[in-house]
$ cat run.csv   # CSV, C-alpha atoms and all ligand atoms
chain,number,residue,atom,x,y,z
A,126,MET,CA,0.0,0.0,0.0
A,127,ILE,CA,2.6,2.5,1.1
A,128,THR,CA,4.8,1.8,-1.9
A,129,GLU,CA,1.9,2.2,-4.3
A,130,THR,CA,0.8,5.5,-2.8
A,131,SER,CA,4.3,6.9,-2.8
A,132,THR,CA,4.8,5.9,-6.4
A,133,ILE,CA,1.8,7.8,-7.4
A,134,LEU,CA,2.8,10.8,-5.3
A,135,GLN,CA,6.2,11.0,-7.0
A,136,HIS,CA,4.4,12.3,-10.1
A,137,LYS,CA,2.0,14.5,-8.1
A,138,PRO,CA,3.8,16.4,-5.3
A,139,THR,CA,2.5,15.7,-1.8
A,140,ASN,CA,1.5,18.5,0.4
A,141,TRP,CA,4.9,18.7,2.1
A,142,GLN,CA,6.8,18.7,-1.2
A,143,ARG,CA,4.7,21.5,-2.5
A,144,LYS,CA,5.4,23.5,0.7
A,145,LEU,CA,9.1,22.7,0.3
A,146,ARG,CA,9.1,24.1,-3.2
A,147,GLN,CA,7.3,27.3,-2.1
A,148,ALA,CA,10.1,28.1,0.4
A,149,ILE,CA,11.4,31.6,0.3
A,150,ASN,CA,14.8,32.0,-1.3
A,151,ASN,CA,15.2,35.8,-1.8
A,152,PRO,CA,16.4,37.8,1.2
A,153,VAL,CA,14.8,41.0,-0.2
A,154,HIS,CA,11.5,39.3,-0.4
A,155,LEU,CA,11.8,37.9,3.1
A,156,LEU,CA,12.5,41.4,4.5
A,157,GLU,CA,9.4,42.7,2.6
A,158,LEU,CA,7.2,40.1,4.1
A,159,LEU,CA,8.4,41.0,7.5
A,160,GLU,CA,8.0,44.8,6.9
A,161,LEU,CA,11.7,45.3,7.4
A,162,SER,CA,12.7,46.6,3.9
A,163,ASP,CA,13.3,50.1,5.3
A,164,SER,CA,15.1,49.0,8.5
A,165,SER,CA,18.8,49.3,9.0
A,166,LEU,CA,18.9,45.5,8.9
A,167,ALA,CA,18.3,45.7,5.2
A,168,GLN,CA,21.7,47.4,4.7
A,169,THR,CA,23.5,44.5,6.3
A,170,VAL,CA,22.0,41.7,4.3
A,171,ILE,CA,23.8,39.7,1.6
A,172,THR,CA,21.4,39.6,-1.3
A,173,LYS,CA,23.1,36.8,-3.2
A,174,PRO,CA,24.8,34.6,-0.6
A,175,ARG,CA,26.9,31.6,-1.5
A,176,PHE,CA,24.9,29.3,0.8
A,177,ASN,CA,21.5,30.6,-0.3
A,178,LEU,CA,18.6,31.6,1.8
A,179,CYS,CA,15.9,29.0,2.2
A,180,VAL,CA,13.0,29.2,4.6
A,181,PRO,CA,9.6,27.6,4.5
A,182,LYS,CA,6.6,30.0,4.7
A,183,GLY,CA,5.3,28.3,7.8
A,184,TYR,CA,8.5,29.1,9.6
A,185,VAL,CA,8.3,32.7,8.4
A,186,ALA,CA,4.8,32.9,9.9
A,187,CYS,CA,6.3,32.3,13.3
A,188,MET,CA,8.6,35.4,13.0
A,189,ARG,CA,7.5,38.8,14.4
A,190,ARG,CA,6.7,41.5,11.9
A,191,GLY,CA,8.9,44.5,12.1
A,192,ASP,CA,11.4,43.0,14.5
A,193,PRO,CA,15.0,43.0,13.1
A,194,TYR,CA,16.1,40.9,16.1
A,195,ASP,CA,13.6,38.2,15.7
A,196,PRO,CA,15.3,34.9,16.8
A,197,LEU,CA,13.9,32.9,13.9
A,198,LEU,CA,14.8,35.5,11.3
A,199,ARG,CA,18.3,35.7,12.7
A,200,GLN,CA,18.8,31.9,12.1
A,201,VAL,CA,18.2,32.2,8.4
A,202,LEU,CA,19.0,35.7,7.2
A,203,PRO,CA,22.4,36.0,5.4
A,204,LEU,CA,24.2,39.0,6.9
A,205,LYS,CA,27.5,40.6,5.9
A,206,GLU,CA,28.9,39.5,9.2
A,207,GLU,CA,29.3,36.1,7.6
A,208,ASN,CA,32.2,37.4,5.6
A,209,LYS,CA,34.2,37.8,8.8
A,210,GLN,CA,37.1,35.3,9.1
A,211,LEU,CA,38.5,34.4,12.4
A,212,GLN,CA,41.3,32.0,13.3
A,213,GLY,CA,39.9,28.6,14.2
A,214,PHE,CA,36.8,29.0,12.0
A,215,SER,CA,37.2,26.5,9.2
A,216,LEU,CA,35.4,25.0,6.2
A,217,GLU,CA,35.2,21.6,8.0
A,218,PRO,CA,35.1,22.1,11.8
A,219,VAL,CA,34.2,18.6,13.0
A,220,GLY,CA,36.6,16.3,11.1
A,221,ASP,CA,34.1,14.7,8.8
A,222,THR,CA,36.6,13.8,6.2
A,223,ILE,CA,38.8,11.6,8.4
A,224,ALA,CA,35.7,9.8,9.7
A,225,LYS,CA,34.5,8.8,6.2
A,226,LYS,CA,35.1,5.1,5.6
A,227,VAL,CA,32.9,4.9,2.5
A,228,PRO,CA,31.4,7.9,0.7
A,229,GLY,CA,28.3,9.1,2.5
A,230,LEU,CA,29.0,7.1,5.7
A,231,LEU,CA,30.6,8.5,8.8
A,232,HIS,CA,31.8,6.1,11.5
A,233,LYS,CA,33.2,8.3,14.3
A,234,TYR,CA,31.7,6.7,17.4
A,235,GLN,CA,31.4,3.1,18.6
A,236,LYS,CA,28.3,1.2,17.6
A,237,ARG,CA,26.8,4.0,15.6
A,238,VAL,CA,27.2,5.0,11.9
A,239,LEU,CA,25.9,8.1,10.4
A,240,LEU,CA,24.7,8.4,6.8
A,241,ILE,CA,24.7,11.5,4.8
A,242,ALA,CA,21.4,10.6,3.3
A,243,THR,CA,21.0,13.7,1.2
A,244,GLY,CA,22.5,17.2,0.9
A,245,ALA,CA,19.0,18.8,0.8
A,246,CYS,CA,17.4,20.7,3.7
A,247,ALA,CA,14.1,22.5,4.0
A,248,ILE,CA,15.8,25.4,5.7
A,249,HIS,CA,19.2,26.9,5.5
A,250,CYS,CA,20.6,27.6,9.0
A,251,ARG,CA,23.4,30.2,8.8
A,252,TYR,CA,25.4,28.5,11.5
A,253,CYS,CA,25.2,25.0,9.8
A,254,PHE,CA,28.5,23.2,10.2
A,255,ARG,CA,27.9,21.3,7.0
A,256,GLN,CA,27.3,24.4,4.9
A,257,HIS,CA,30.6,23.9,3.0
A,258,TYR,CA,30.3,20.1,2.8
A,259,ASP,CA,30.7,18.7,-0.7
A,260,TYR,CA,27.4,16.8,-1.1
A,261,ALA,CA,28.2,16.1,-4.7
A,262,VAL,CA,30.4,13.2,-3.5
A,263,SER,CA,27.4,11.6,-1.6
A,264,PRO,CA,26.1,8.5,-3.3
A,265,SER,CA,22.5,7.7,-3.9
A,266,LEU,CA,20.8,5.4,-1.4
A,267,PRO,CA,20.3,2.5,-0.6
A,268,ASN,CA,23.8,1.8,-1.8
A,269,LYS,CA,25.5,-1.6,-1.9
A,270,LYS,CA,28.8,-0.4,-0.6
A,271,ILE,CA,27.2,1.3,2.5
A,272,LEU,CA,25.0,-1.7,3.2
A,273,ASP,CA,27.9,-4.1,2.8
A,274,THR,CA,30.0,-2.0,5.2
A,275,ILE,CA,27.3,-2.0,7.9
A,276,ARG,CA,26.7,-5.7,7.4
A,277,ALA,CA,30.4,-6.6,7.8
A,278,ASP,CA,30.7,-4.8,11.1
A,279,THR,CA,28.7,-6.6,13.7
A,280,SER,CA,29.6,-3.9,16.3
A,281,ILE,CA,27.2,-1.5,14.6
A,282,SER,CA,23.8,-1.5,16.4
A,283,GLU,CA,22.5,1.9,15.4
A,284,VAL,CA,22.1,3.6,12.0
A,285,ILE,CA,21.6,7.3,12.0
A,286,LEU,CA,20.2,9.1,8.9
A,287,SER,CA,21.5,12.6,8.7
A,288,GLY,CA,22.4,15.0,6.0
A,289,GLY,CA,21.3,17.6,5.0
A,290,ASP,CA,17.9,16.5,6.2
A,291,PRO,CA,17.0,12.8,5.6
A,292,LEU,CA,13.3,13.7,5.6
A,293,CYS,CA,13.8,15.6,2.3
A,294,LEU,CA,13.9,12.2,0.7
A,295,THR,CA,10.7,10.6,-0.5
A,296,ASP,CA,8.9,8.1,1.7
A,297,ASN,CA,9.5,5.6,-1.1
A,298,ARG,CA,13.2,5.9,-0.8
A,299,LEU,CA,13.1,6.0,3.0
A,300,THR,CA,11.0,2.9,3.1
A,301,GLU,CA,13.6,1.1,1.0
A,302,LEU,CA,16.3,2.3,3.3
A,303,ALA,CA,14.6,1.3,6.5
A,304,TYR,CA,13.8,-2.2,5.2
A,305,SER,CA,17.4,-2.7,4.0
A,306,PHE,CA,18.8,-1.8,7.5
A,307,ALA,CA,16.2,-4.0,9.2
A,308,GLU,CA,17.5,-7.0,7.2
A,309,ILE,CA,20.9,-6.6,8.9
A,310,SER,CA,20.5,-8.6,12.1
A,311,HIS,CA,22.9,-6.7,14.4
A,312,VAL,CA,21.3,-3.3,13.6
A,313,GLN,CA,18.8,-2.6,16.5
A,314,ARG,CA,17.9,1.1,16.1
A,315,LEU,CA,17.1,3.5,13.3
A,316,ARG,CA,17.7,7.1,14.3
A,317,LEU,CA,16.8,10.3,12.3
A,318,HIS,CA,18.5,13.6,12.7
A,319,THR,CA,16.0,16.0,11.2
A,320,ARG,CA,14.7,19.6,11.5
A,321,LEU,CA,11.7,19.0,9.3
A,322,PRO,CA,9.1,18.3,12.0
A,323,ILE,CA,10.1,21.8,13.3
A,324,VAL,CA,10.4,23.8,10.1
A,325,LEU,CA,7.9,21.9,7.9
A,326,PRO,CA,5.6,20.0,10.2
A,327,GLU,CA,3.5,18.9,7.2
A,328,ARG,CA,6.3,16.4,6.6
A,329,VAL,CA,5.0,14.2,9.4
A,330,ASN,CA,2.4,12.2,7.6
A,331,GLU,CA,1.0,8.6,7.6
A,332,GLU,CA,3.6,7.4,5.0
A,333,LEU,CA,6.4,8.5,7.2
A,334,LEU,CA,5.0,6.9,10.4
A,335,ALA,CA,4.4,3.7,8.4
A,336,TRP,CA,8.0,3.0,7.4
A,337,LEU,CA,9.5,4.4,10.6
A,338,THR,CA,7.5,2.1,12.8
A,339,GLY,CA,7.0,-0.7,10.3
A,340,THR,CA,10.2,-2.6,10.8
A,341,ARG,CA,11.7,-4.4,13.8
A,342,LEU,CA,14.1,-1.5,14.3
A,343,GLN,CA,13.5,0.8,17.3
A,344,PRO,CA,12.8,4.3,16.0
A,345,VAL,CA,14.4,7.4,17.5
A,346,ILE,CA,14.0,10.9,16.1
A,347,VAL,CA,16.3,13.8,17.1
A,348,VAL,CA,14.7,17.0,16.1
A,349,HIS,CA,16.4,20.4,16.1
A,350,ALA,CA,14.6,23.3,17.7
A,351,ASN,CA,16.5,26.3,19.1
A,352,HIS,CA,13.8,28.7,20.3
A,353,PRO,CA,10.3,28.3,21.8
A,354,ASN,CA,8.8,30.5,19.1
A,355,GLU,CA,9.5,27.7,16.6
A,356,ILE,CA,7.0,25.4,18.3
A,357,SER,CA,3.8,26.5,16.6
A,358,ASN,CA,0.5,24.7,16.7
A,359,PRO,CA,1.3,22.6,13.6
A,360,VAL,CA,4.6,21.7,15.1
A,361,ASN,CA,2.9,20.6,18.4
A,362,LYS,CA,0.7,18.4,16.3
A,363,ALA,CA,3.5,16.9,14.3
A,364,LEU,CA,5.5,16.1,17.5
A,365,GLN,CA,2.5,14.5,19.2
A,366,GLN,CA,1.9,12.3,16.1
A,367,LEU,CA,5.5,11.0,16.3
A,368,VAL,CA,5.2,10.3,20.1
A,369,GLU,CA,1.8,8.7,19.7
A,370,ALA,CA,3.2,6.4,17.1
A,371,GLY,CA,5.7,5.1,19.7
A,372,ILE,CA,8.8,6.9,18.5
A,373,THR,CA,11.3,8.3,21.0
A,374,VAL,CA,11.6,12.0,20.2
A,375,LEU,CA,14.6,14.0,21.5
A,376,ASN,CA,15.7,17.5,20.7
A,377,GLN,CA,19.1,19.0,20.0
A,378,SER,CA,19.8,22.7,19.9
A,379,VAL,CA,22.7,24.9,19.0
A,380,LEU,CA,23.6,27.7,21.4
A,381,LEU,CA,23.5,30.8,19.4
A,382,ARG,CA,24.4,34.4,20.3
A,383,GLY,CA,21.4,36.7,20.0
A,384,ILE,CA,19.0,33.8,19.5
A,385,ASN,CA,18.9,31.6,22.5
A,386,ASP,CA,21.8,32.7,24.7
A,387,ASN,CA,19.3,33.5,27.5
A,388,SER,CA,18.3,31.2,30.3
A,389,SER,CA,14.6,32.0,30.2
A,390,VAL,CA,14.5,31.3,26.5
A,391,LEU,CA,16.2,27.9,27.0
A,392,VAL,CA,14.0,27.1,30.0
A,393,ALA,CA,10.9,27.9,28.0
A,394,LEU,CA,12.2,25.7,25.1
A,395,SER,CA,12.6,22.7,27.4
A,396,GLU,CA,9.2,23.3,28.9
A,397,VAL,CA,7.4,23.6,25.6
A,398,LEU,CA,9.2,20.5,24.2
A,399,PHE,CA,8.2,18.4,27.1
A,400,SER,CA,4.6,19.5,26.9
A,401,ASN,CA,4.8,17.4,23.7
A,402,GLN,CA,6.7,14.7,25.5
A,403,VAL,CA,9.9,15.6,23.7
A,404,LEU,CA,13.1,15.5,25.9
A,405,PRO,CA,16.0,17.8,25.5
A,406,TYR,CA,19.1,15.9,24.5
A,407,TYR,CA,22.0,18.1,23.5
A,408,LEU,CA,22.8,21.8,23.7
A,409,HIS,CA,25.7,22.2,21.3
A,410,GLN,CA,28.4,24.7,21.5
A,411,LEU,CA,28.7,26.1,17.9
A,412,ASP,CA,30.9,24.2,15.6
A,413,ARG,CA,33.5,26.7,14.4
A,414,VAL,CA,32.5,26.9,10.8
A,415,ARG,CA,33.6,29.7,8.5
A,416,GLY,CA,30.8,32.3,8.2
A,417,ALA,CA,29.4,31.7,11.7
A,418,THR,CA,31.7,33.8,14.0
A,419,HIS,CA,28.8,36.1,15.0
A,420,PHE,CA,26.9,33.3,16.5
A,421,GLU,CA,29.5,32.1,19.0
A,422,VAL,CA,28.8,32.1,22.7
A,423,SER,CA,31.8,31.8,25.1
A,424,ASP,CA,32.2,28.6,27.1
A,425,LYS,CA,32.0,30.6,30.3
A,426,THR,CA,28.6,32.1,29.3
A,427,ALA,CA,27.4,28.7,28.1
A,428,ILE,CA,28.2,27.1,31.5
A,429,GLN,CA,26.5,29.9,33.3
A,430,LEU,CA,23.4,29.5,31.2
A,431,LEU,CA,23.4,25.8,32.0
A,432,THR,CA,23.7,26.4,35.7
A,433,LYS,CA,20.6,28.7,35.5
A,434,MET,CA,18.8,25.9,33.7
A,435,ARG,CA,19.7,23.4,36.4
A,436,GLU,CA,18.2,25.8,39.0
A,437,ALA,CA,15.0,26.3,37.1
A,438,LEU,CA,14.2,22.9,35.7
A,439,PRO,CA,13.9,19.2,36.7
A,440,GLY,CA,17.0,17.4,35.8
A,441,TYR,CA,15.4,15.5,32.9
A,442,LEU,CA,14.7,18.8,31.2
A,443,VAL,CA,18.3,20.0,31.3
A,444,PRO,CA,20.1,19.1,28.0
A,445,LYS,CA,23.8,18.0,27.9
A,446,LEU,CA,26.0,20.9,27.0
A,447,VAL,CA,28.6,19.5,24.6
A,448,ARG,CA,31.2,20.5,22.0
A,449,GLU,CA,32.2,18.3,19.1
A,450,ILE,CA,35.9,17.9,18.7
A,451,GLY,CA,37.3,16.1,15.7
A,452,GLY,CA,38.9,12.8,16.7
A,453,MET,CA,37.3,12.5,20.1
A,454,PRO,CA,35.3,9.3,20.9
A,455,TYR,CA,32.1,11.2,21.9
A,456,LYS,CA,30.7,14.7,22.0
A,457,LEU,CA,32.6,16.4,24.8
A,458,PRO,CA,30.6,17.6,27.8
A,459,LEU,CA,31.6,21.1,28.9
A,501,LIG,C1,26.7,13.2,16.6
A,501,LIG,C2,27.1,12.0,15.9
A,501,LIG,C3,26.6,10.8,16.2
A,501,LIG,C4,25.7,10.6,17.3
A,501,LIG,O1,26.2,10.8,18.6
A,501,LIG,P1,25.4,10.5,19.9
A,501,LIG,O2,26.2,11.0,21.0
A,501,LIG,O3,25.0,9.1,20.0
A,501,LIG,O4,24.1,11.4,19.7
A,501,LIG,C5,27.1,9.7,15.5
A,501,LIG,N1,27.9,9.8,14.5
A,501,LIG,C6,28.4,11.0,14.1
A,501,LIG,C7,29.4,11.1,13.0
A,501,LIG,C8,28.0,12.2,14.8
A,501,LIG,O5,28.5,13.3,14.4
A,502,LIG,S1,18.6,21.8,9.0
A,502,LIG,FE1,20.5,21.0,10.0
A,502,LIG,S2,21.7,20.3,8.2
A,502,LIG,FE2,20.1,21.7,7.4
A,502,LIG,S3,21.0,23.7,7.3
A,502,LIG,FE3,20.0,23.6,9.3
A,502,LIG,S4,21.6,22.9,10.7
A,502,LIG,FE4,22.3,22.4,8.6

$ encode --input "run.csv" --output "structure tokens" --more "lines below"
Ligand SMILES: *Cc1c(COP(=O)(O)O)cnc(C)c1O
Ligand code: SF4
Amino acid sequence: MITETSTILQHKPTNWQRKLRQAINNPVHLLELLELSDSSLAQTVITKPRFNLCVPKGYVACMRRGDPYDPLLRQVLPLKEENKQLQGFSLEPVGDTIAKKVPGLLHKYQKRVLLIATGACAIHCRYCFRQHYDYAVSPSLPNKKILDTIRADTSISEVILSGGDPLCLTDNRLTELAYSFAEISHVQRLRLHTRLPIVLPERVNEELLAWLTGTRLQPVIVVHANHPNEISNPVNKALQQLVEAGITVLNQSVLLRGINDNSSVLVALSEVLFSNQVLPYYLHQLDRVRGATHFEVSDKTAIQLLTKMREALPGYLVPKLVREIGGMPYKLPL
């Protein structure tokens, strides 16, 4: 049934695919929509950025009109500050190349492999550590070399689909992938790292729930929300659908200057996530990627923020504050 439906839908775009195509790509247009064309912010925008603007309209709807400091706008708007270069900010901050056994497959940590399932994303986050990643070298999936590698290493118990955003792939393709991993007996869990339930909640549909819960693999989704304003009513609904289907849903955030470097914002984010039964997992210190210097928060401030969160929240709503360092066997707690 699922396969049949998705085959038909490949010719006729589904609701989420249509919304994806309608995403806004022009910074000038975005400023117009937000009534910011005449603001001083307009002077500092890059109108034709190398890593282009991409933001779904539903996400724009969560931004405040007329507010140049809106925390959602600041995550997506290309600003001239991106041209600033600083020692230590590189094209590849987390050592992806050395961890690449087979094209598209990263094996950095014990028992877990991470697949670059696609280069596509529904939103372009200006602080993204993979914004310079050469996705052209990523192979199409499922792919014999990748499956053979996972099959040959019986220590691997978890396959993580990442990207880009794996949920930009069609449900057809994802069904094939999930079933191929389920055939490898030592694989126990299928994890998705995705921002789509937050930025394009229409993506959570019956087809997705069917393949994600339709194999013997235990499903885990790690979503990516940074600010409570991102959790709109459609997002609440999407998260609840995932939870009700029996999927463990966790959240990871990136600590970002001017966006969520404030303890009451972080506390509110944990609270609203948990009202949907989503647990905070990681709060990442920024990966030092070129173009993102203006988002960095010092370790000292980060630790102070975490202390305030510990005071204000039950322990299970305090995320782990971590930094990723190339070559380390896990994400390093601060
Ligand atoms: C982050 C990451 C993982 C997952 O790490 P967890 O600590 O299990 O969340 C796995 N592989 C790679 C390459 C990663 O970057
Ligand atoms: S959704 Fe994730 S991978 Fe895509 S641009 Fe944002 S941070 Fe990068």

$ closest_atom_pairs --input "run.csv" --of "chain A" --to "ligand LIG 501 (chain A)" --cutoff "7 Å" --atoms "all atoms listed in the file" --output "tab-separated table"
residue	atom	partner	partner_atom	distance
A:Leu231	CA	A:LIG501	C7	5.1
A:His232	CA	A:LIG501	C7	5.7
A:Lys233	CA	A:LIG501	C7	4.9
A:Tyr234	CA	A:LIG501	N1	5.7
A:Arg237	CA	A:LIG501	C5	5.7
A:Val238	CA	A:LIG501	N1	5.5
A:Leu239	CA	A:LIG501	N1	4.9
A:Ile285	CA	A:LIG501	C5	6.9
A:Tyr455	CA	A:LIG501	O2	6.0
A:Lys456	CA	A:LIG501	O2	5.9

$ closest_residue --input "run.csv" --among "A:Cys253, A:Val227, A:Ile384, A:Val347" --to "Asn268 (chain A)" --atoms "all atoms listed in the file"
A:Val227

$ closest_atom_pairs --input "run.csv" --of "chain A" --to "ligand LIG 502 (chain A)" --cutoff "12 Å" --atoms "only C-alpha atoms and all ligand atoms" --output "JSON lines"
{"residue": "A:Phe176", "atom": "CA", "partner": "A:LIG502", "partner_atom": "S3", "distance": 9.4}
{"residue": "A:Asn177", "atom": "CA", "partner": "A:LIG502", "partner_atom": "S3", "distance": 10.3}
{"residue": "A:Leu178", "atom": "CA", "partner": "A:LIG502", "partner_atom": "S3", "distance": 9.9}
{"residue": "A:Cys179", "atom": "CA", "partner": "A:LIG502", "partner_atom": "S3", "distance": 9.0}
{"residue": "A:Val180", "atom": "CA", "partner": "A:LIG502", "partner_atom": "S3", "distance": 10.1}
{"residue": "A:Pro181", "atom": "CA", "partner": "A:LIG502", "partner_atom": "S1", "distance": 11.6}
{"residue": "A:Gln200", "atom": "CA", "partner": "A:LIG502", "partner_atom": "FE3", "distance": 8.8}
{"residue": "A:Val201", "atom": "CA", "partner": "A:LIG502", "partner_atom": "FE3", "distance": 8.8}
{"residue": "A:Ile241", "atom": "CA", "partner": "A:LIG502", "partner_atom": "S2", "distance": 9.9}
{"residue": "A:Ala242", "atom": "CA", "partner": "A:LIG502", "partner_atom": "S2", "distance": 10.9}
{"residue": "A:Thr243", "atom": "CA", "partner": "A:LIG502", "partner_atom": "S2", "distance": 9.6}
{"residue": "A:Gly244", "atom": "CA", "partner": "A:LIG502", "partner_atom": "S2", "distance": 8.0}
{"residue": "A:Ala245", "atom": "CA", "partner": "A:LIG502", "partner_atom": "FE2", "distance": 7.3}
{"residue": "A:Cys246", "atom": "CA", "partner": "A:LIG502", "partner_atom": "FE2", "distance": 4.7}
{"residue": "A:Ala247", "atom": "CA", "partner": "A:LIG502", "partner_atom": "S1", "distance": 6.8}
{"residue": "A:Ile248", "atom": "CA", "partner": "A:LIG502", "partner_atom": "S1", "distance": 5.6}
{"residue": "A:His249", "atom": "CA", "partner": "A:LIG502", "partner_atom": "S3", "distance": 4.1}
{"residue": "A:Cys250", "atom": "CA", "partner": "A:LIG502", "partner_atom": "FE3", "distance": 4.1}
{"residue": "A:Arg251", "atom": "CA", "partner": "A:LIG502", "partner_atom": "S3", "distance": 7.1}
{"residue": "A:Tyr252", "atom": "CA", "partner": "A:LIG502", "partner_atom": "S4", "distance": 6.8}
{"residue": "A:Cys253", "atom": "CA", "partner": "A:LIG502", "partner_atom": "FE4", "distance": 4.1}
{"residue": "A:Phe254", "atom": "CA", "partner": "A:LIG502", "partner_atom": "FE4", "distance": 6.5}
{"residue": "A:Arg255", "atom": "CA", "partner": "A:LIG502", "partner_atom": "FE4", "distance": 5.9}
{"residue": "A:Gln256", "atom": "CA", "partner": "A:LIG502", "partner_atom": "FE4", "distance": 6.5}
{"residue": "A:His257", "atom": "CA", "partner": "A:LIG502", "partner_atom": "FE4", "distance": 10.1}
{"residue": "A:Tyr258", "atom": "CA", "partner": "A:LIG502", "partner_atom": "FE4", "distance": 10.1}
{"residue": "A:Tyr260", "atom": "CA", "partner": "A:LIG502", "partner_atom": "S2", "distance": 11.5}
{"residue": "A:Leu286", "atom": "CA", "partner": "A:LIG502", "partner_atom": "S2", "distance": 11.3}
{"residue": "A:Ser287", "atom": "CA", "partner": "A:LIG502", "partner_atom": "S2", "distance": 7.7}
{"residue": "A:Gly288", "atom": "CA", "partner": "A:LIG502", "partner_atom": "S2", "distance": 5.8}
{"residue": "A:Gly289", "atom": "CA", "partner": "A:LIG502", "partner_atom": "S2", "distance": 4.2}
{"residue": "A:Asp290", "atom": "CA", "partner": "A:LIG502", "partner_atom": "S2", "distance": 5.7}
{"residue": "A:Pro291", "atom": "CA", "partner": "A:LIG502", "partner_atom": "S2", "distance": 9.2}
{"residue": "A:Leu292", "atom": "CA", "partner": "A:LIG502", "partner_atom": "S1", "distance": 10.3}
{"residue": "A:Cys293", "atom": "CA", "partner": "A:LIG502", "partner_atom": "FE2", "distance": 10.1}
{"residue": "A:Leu317", "atom": "CA", "partner": "A:LIG502", "partner_atom": "FE1", "distance": 11.6}
{"residue": "A:His318", "atom": "CA", "partner": "A:LIG502", "partner_atom": "FE1", "distance": 8.1}
{"residue": "A:Thr319", "atom": "CA", "partner": "A:LIG502", "partner_atom": "S1", "distance": 6.7}
{"residue": "A:Arg320", "atom": "CA", "partner": "A:LIG502", "partner_atom": "S1", "distance": 5.1}
{"residue": "A:Leu321", "atom": "CA", "partner": "A:LIG502", "partner_atom": "S1", "distance": 7.5}
{"residue": "A:Pro322", "atom": "CA", "partner": "A:LIG502", "partner_atom": "S1", "distance": 10.6}
{"residue": "A:Ile323", "atom": "CA", "partner": "A:LIG502", "partner_atom": "S1", "distance": 9.5}
{"residue": "A:Val324", "atom": "CA", "partner": "A:LIG502", "partner_atom": "S1", "distance": 8.5}
{"residue": "A:Leu325", "atom": "CA", "partner": "A:LIG502", "partner_atom": "S1", "distance": 10.8}
{"residue": "A:Val347", "atom": "CA", "partner": "A:LIG502", "partner_atom": "FE1", "distance": 10.9}
{"residue": "A:Val348", "atom": "CA", "partner": "A:LIG502", "partner_atom": "FE1", "distance": 9.3}
{"residue": "A:His349", "atom": "CA", "partner": "A:LIG502", "partner_atom": "FE1", "distance": 7.4}
{"residue": "A:Ala350", "atom": "CA", "partner": "A:LIG502", "partner_atom": "S1", "distance": 9.7}
{"residue": "A:Asn351", "atom": "CA", "partner": "A:LIG502", "partner_atom": "S4", "distance": 10.4}
{"residue": "A:Gln377", "atom": "CA", "partner": "A:LIG502", "partner_atom": "FE1", "distance": 10.3}
{"residue": "A:Ser378", "atom": "CA", "partner": "A:LIG502", "partner_atom": "S4", "distance": 9.4}
{"residue": "A:Val379", "atom": "CA", "partner": "A:LIG502", "partner_atom": "S4", "distance": 8.6}
{"residue": "A:Leu380", "atom": "CA", "partner": "A:LIG502", "partner_atom": "S4", "distance": 11.9}
{"residue": "A:Leu381", "atom": "CA", "partner": "A:LIG502", "partner_atom": "S4", "distance": 11.9}
{"residue": "A:His409", "atom": "CA", "partner": "A:LIG502", "partner_atom": "S4", "distance": 11.4}
{"residue": "A:Leu411", "atom": "CA", "partner": "A:LIG502", "partner_atom": "S4", "distance": 10.6}
{"residue": "A:Asp412", "atom": "CA", "partner": "A:LIG502", "partner_atom": "S4", "distance": 10.6}
{"residue": "A:Val414", "atom": "CA", "partner": "A:LIG502", "partner_atom": "FE4", "distance": 11.4}
{"residue": "A:Ala417", "atom": "CA", "partner": "A:LIG502", "partner_atom": "S4", "distance": 11.8}

$ residues_around --input "run.csv" --residues "Gln210 (chain A)" --least-positions-apart "2" --cutoff "12 Å" --atoms "only C-alpha atoms" --output "list of chain:residue names"
A:Lys205, A:Glu206, A:Glu207, A:Asn208, A:Gln212, A:Gly213, A:Phe214, A:Ser215, A:Leu216, A:Arg413, A:Val414, A:Arg415, A:Gly416, A:Ala417, A:Thr418, A:His419

$ residues_around --input "run.csv" --residues "Gln365 (chain A)" --least-positions-apart "6" --cutoff "12 Å" --atoms "only C-alpha atoms" --output "ChimeraX atom specification"
/A:322,326,329-330,334,356,358-359,371-374,398-403

$ atom_distance --input "run.csv" --atom1 "CA of Ala167 (chain A)" --atom2 "CA of Val422 (chain A)"
24.5 Å

$ atom_distance --input "run.csv" --atom1 "CA of Lys173 (chain A)" --atom2 "CA of Asn151 (chain A)"
8.1 Å
